[in-house]
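Source file protein_27.cif; content: mmCIF, N, CA and C atoms.
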data_input
loop_
_atom_site.label_atom_id
_atom_site.label_comp_id
_atom_site.auth_asym_id
_atom_site.auth_seq_id
_atom_site.Cartn_x
_atom_site.Cartn_y
_atom_site.Cartn_z
N MET A 97 16.91 8.32 15.61
CA MET A 97 17.51 9.58 15.24
C MET A 97 17.70 10.40 16.50
N ASP A 98 18.82 11.02 16.60
CA ASP A 98 19.19 11.81 17.77
C ASP A 98 18.56 13.20 17.68
N ALA A 99 17.94 13.63 18.75
CA ALA A 99 17.30 14.95 18.77
C ALA A 99 18.30 16.08 18.64
N ASN A 100 19.60 15.80 18.81
CA ASN A 100 20.63 16.84 18.74
C ASN A 100 21.26 16.96 17.35
N LEU A 101 20.71 16.28 16.36
CA LEU A 101 21.25 16.36 15.01
C LEU A 101 21.01 17.74 14.41
N SER A 102 21.92 18.13 13.54
CA SER A 102 21.75 19.41 12.84
C SER A 102 20.65 19.26 11.78
N MET A 103 20.09 20.38 11.41
CA MET A 103 19.05 20.37 10.38
C MET A 103 19.60 19.79 9.08
N GLU A 104 20.86 20.06 8.77
CA GLU A 104 21.45 19.53 7.53
C GLU A 104 21.55 18.00 7.59
N GLN A 105 21.89 17.44 8.76
CA GLN A 105 21.96 15.98 8.87
C GLN A 105 20.56 15.37 8.75
N ILE A 106 19.58 16.01 9.36
CA ILE A 106 18.20 15.51 9.23
C ILE A 106 17.77 15.57 7.77
N ARG A 107 18.12 16.65 7.09
CA ARG A 107 17.78 16.79 5.67
C ARG A 107 18.42 15.68 4.84
N MET A 108 19.66 15.33 5.15
CA MET A 108 20.33 14.24 4.44
C MET A 108 19.64 12.90 4.73
N ASP A 109 19.22 12.69 5.97
CA ASP A 109 18.48 11.48 6.30
C ASP A 109 17.18 11.39 5.51
N VAL A 110 16.49 12.53 5.38
CA VAL A 110 15.25 12.58 4.60
C VAL A 110 15.54 12.20 3.15
N LYS A 111 16.59 12.77 2.58
CA LYS A 111 16.96 12.44 1.19
C LYS A 111 17.26 10.96 1.04
N ASN A 112 17.99 10.40 2.00
CA ASN A 112 18.36 8.98 1.93
C ASN A 112 17.14 8.08 2.07
N VAL A 113 16.23 8.42 2.99
CA VAL A 113 15.00 7.64 3.14
C VAL A 113 14.19 7.69 1.86
N THR A 114 14.05 8.88 1.30
CA THR A 114 13.28 9.05 0.06
C THR A 114 13.89 8.25 -1.08
N ALA A 115 15.22 8.30 -1.21
CA ALA A 115 15.91 7.58 -2.29
C ALA A 115 15.71 6.08 -2.15
N LEU A 116 15.88 5.56 -0.95
CA LEU A 116 15.71 4.12 -0.75
C LEU A 116 14.26 3.70 -0.97
N ASN A 117 13.32 4.54 -0.57
CA ASN A 117 11.91 4.24 -0.82
C ASN A 117 11.64 4.18 -2.32
N GLN A 118 12.20 5.11 -3.07
CA GLN A 118 11.99 5.13 -4.52
C GLN A 118 12.63 3.92 -5.19
N GLU A 119 13.67 3.35 -4.55
CA GLU A 119 14.29 2.14 -5.08
C GLU A 119 13.48 0.89 -4.74
N GLY A 120 12.43 1.07 -3.94
CA GLY A 120 11.54 -0.04 -3.64
C GLY A 120 11.79 -0.74 -2.31
N TYR A 121 12.69 -0.21 -1.50
CA TYR A 121 12.95 -0.82 -0.21
C TYR A 121 11.81 -0.56 0.75
N ASP A 122 11.51 -1.54 1.61
CA ASP A 122 10.45 -1.33 2.59
C ASP A 122 11.01 -0.69 3.86
N MET A 123 10.10 -0.34 4.75
CA MET A 123 10.46 0.39 5.96
C MET A 123 11.50 -0.36 6.81
N ASN A 124 11.38 -1.67 6.91
CA ASN A 124 12.32 -2.44 7.72
C ASN A 124 13.73 -2.37 7.17
N VAL A 125 13.87 -2.48 5.86
CA VAL A 125 15.19 -2.41 5.23
C VAL A 125 15.77 -1.00 5.37
N ILE A 126 14.96 0.01 5.13
CA ILE A 126 15.43 1.39 5.26
C ILE A 126 15.87 1.66 6.69
N SER A 127 15.10 1.21 7.65
CA SER A 127 15.43 1.39 9.06
C SER A 127 16.79 0.76 9.37
N HIS A 128 17.00 -0.44 8.88
CA HIS A 128 18.27 -1.13 9.12
C HIS A 128 19.44 -0.45 8.40
N LYS A 129 19.25 -0.13 7.12
CA LYS A 129 20.33 0.47 6.34
C LYS A 129 20.78 1.82 6.89
N LEU A 130 19.83 2.63 7.36
CA LEU A 130 20.15 3.99 7.79
C LEU A 130 20.21 4.14 9.30
N ASP A 131 19.94 3.07 10.02
CA ASP A 131 19.93 3.10 11.48
C ASP A 131 18.99 4.18 12.00
N LEU A 132 17.78 4.18 11.44
CA LEU A 132 16.75 5.13 11.85
C LEU A 132 15.55 4.36 12.41
N SER A 133 14.82 4.98 13.30
CA SER A 133 13.63 4.33 13.85
C SER A 133 12.54 4.28 12.78
N LYS A 134 11.65 3.33 12.95
CA LYS A 134 10.53 3.22 12.02
C LYS A 134 9.62 4.45 12.14
N GLU A 135 9.54 5.02 13.33
CA GLU A 135 8.74 6.23 13.51
C GLU A 135 9.30 7.39 12.68
N THR A 136 10.63 7.51 12.64
CA THR A 136 11.25 8.56 11.85
C THR A 136 10.97 8.34 10.37
N ILE A 137 11.06 7.09 9.94
CA ILE A 137 10.80 6.78 8.53
C ILE A 137 9.35 7.09 8.18
N LEU A 138 8.42 6.78 9.08
CA LEU A 138 7.02 7.10 8.83
C LEU A 138 6.81 8.61 8.73
N THR A 139 7.50 9.37 9.56
CA THR A 139 7.40 10.82 9.50
C THR A 139 7.93 11.33 8.16
N CYS A 140 9.05 10.77 7.72
CA CYS A 140 9.57 11.14 6.39
C CYS A 140 8.56 10.79 5.32
N ALA A 141 7.91 9.65 5.46
CA ALA A 141 6.94 9.19 4.45
C ALA A 141 5.78 10.16 4.31
N GLN A 142 5.44 10.85 5.40
CA GLN A 142 4.36 11.83 5.33
C GLN A 142 4.71 12.95 4.35
N GLY A 143 5.99 13.19 4.15
CA GLY A 143 6.42 14.28 3.28
C GLY A 143 6.95 13.82 1.93
N PHE A 144 6.78 12.55 1.58
CA PHE A 144 7.32 12.05 0.31
C PHE A 144 6.82 12.83 -0.89
N THR A 145 5.63 13.39 -0.81
CA THR A 145 5.12 14.14 -1.97
C THR A 145 5.68 15.56 -2.01
N GLU A 146 6.37 15.96 -0.96
CA GLU A 146 6.96 17.30 -0.89
C GLU A 146 8.33 17.27 -1.58
N ASP A 147 8.54 18.18 -2.53
CA ASP A 147 9.82 18.25 -3.23
C ASP A 147 10.91 18.94 -2.41
N ASP A 148 10.50 19.71 -1.45
CA ASP A 148 11.44 20.48 -0.63
C ASP A 148 11.88 19.65 0.57
N THR A 149 13.10 19.10 0.51
CA THR A 149 13.58 18.25 1.60
C THR A 149 13.71 19.03 2.91
N MET A 150 13.92 20.33 2.83
CA MET A 150 14.01 21.12 4.06
C MET A 150 12.66 21.13 4.77
N ALA A 151 11.59 21.23 4.03
CA ALA A 151 10.25 21.21 4.64
C ALA A 151 10.01 19.88 5.34
N VAL A 152 10.43 18.80 4.72
CA VAL A 152 10.27 17.48 5.34
C VAL A 152 11.19 17.36 6.56
N ALA A 153 12.40 17.92 6.47
CA ALA A 153 13.34 17.88 7.59
C ALA A 153 12.76 18.61 8.79
N VAL A 154 12.07 19.72 8.56
CA VAL A 154 11.44 20.47 9.65
C VAL A 154 10.36 19.60 10.30
N LEU A 155 9.59 18.88 9.48
CA LEU A 155 8.58 17.97 9.99
C LEU A 155 9.21 16.88 10.86
N VAL A 156 10.32 16.32 10.39
CA VAL A 156 11.02 15.29 11.14
C VAL A 156 11.56 15.87 12.45
N GLU A 157 12.19 17.04 12.38
CA GLU A 157 12.74 17.65 13.58
C GLU A 157 11.65 17.90 14.62
N ALA A 158 10.50 18.34 14.18
CA ALA A 158 9.40 18.60 15.10
C ALA A 158 8.90 17.33 15.78
N SER A 159 9.11 16.19 15.12
CA SER A 159 8.63 14.93 15.69
C SER A 159 9.62 14.32 16.68
N LEU A 160 10.83 14.87 16.76
CA LEU A 160 11.83 14.30 17.65
C LEU A 160 11.58 14.65 19.10
#
Now that the file is in, can you turn its structure into structure tokens?
Amino acid sequence: MDANLSMEQIRMDVKNVTALNQEGYDMNVISHKLDLSKETILTCAQGFTEDDTMAVAVLVEASL
């Protein structure tokens, strides 16, 4: 994930990671499908219980 992405793009990535995870895809498949690092996916996973995707996006942005 590029550190220069907008918050809205990061939020969309969070939504996509969450959706694919709920469909049962593992981290390797999600990483490949979305062209995201495994570290980014793990950061998103920390917020899977959070309903507010913006809160998770802030977490992801802080990790970049």
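Within 9 Å of the point (11.3, 15.2, 12.8), and counting only C-alpha atoms, the protein, DNA and RNA residues are Met97, Ala99, Ile106, Thr136, Thr139, Cys140, Val152, Ala153, Val154, Leu155, Val156, Glu157, Ala158, Ser159 and Leu160 of chain A.
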Seminar exercise, completed: What separates atom C of Leu101 (chain A) and atom C of Gly120 (chain A) is a distance of 26.6 Å
Exercise. Using only C-alpha atoms, which residue out of A:Leu130, A:Met150, A:Ala115, A:Val125 lies closest to Met103 (chain A)?
Worked result: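 Among the listed residues, the smallest separation from Met103 (chain A) belongs to A:Met150.
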Problem set entry | Separation of atom C of Met123 (chain A) from CA of Arg107 (chain A) in Å | 18.3 Å
Problem set entry | For CA of Thr149 (chain A) and atom N of Lys111 (chain A), the interatomic separation in Å (one decimal) |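 Going from CA of Thr149 (chain A) over to atom N of Lys111 (chain A) covers 6.3 Å.
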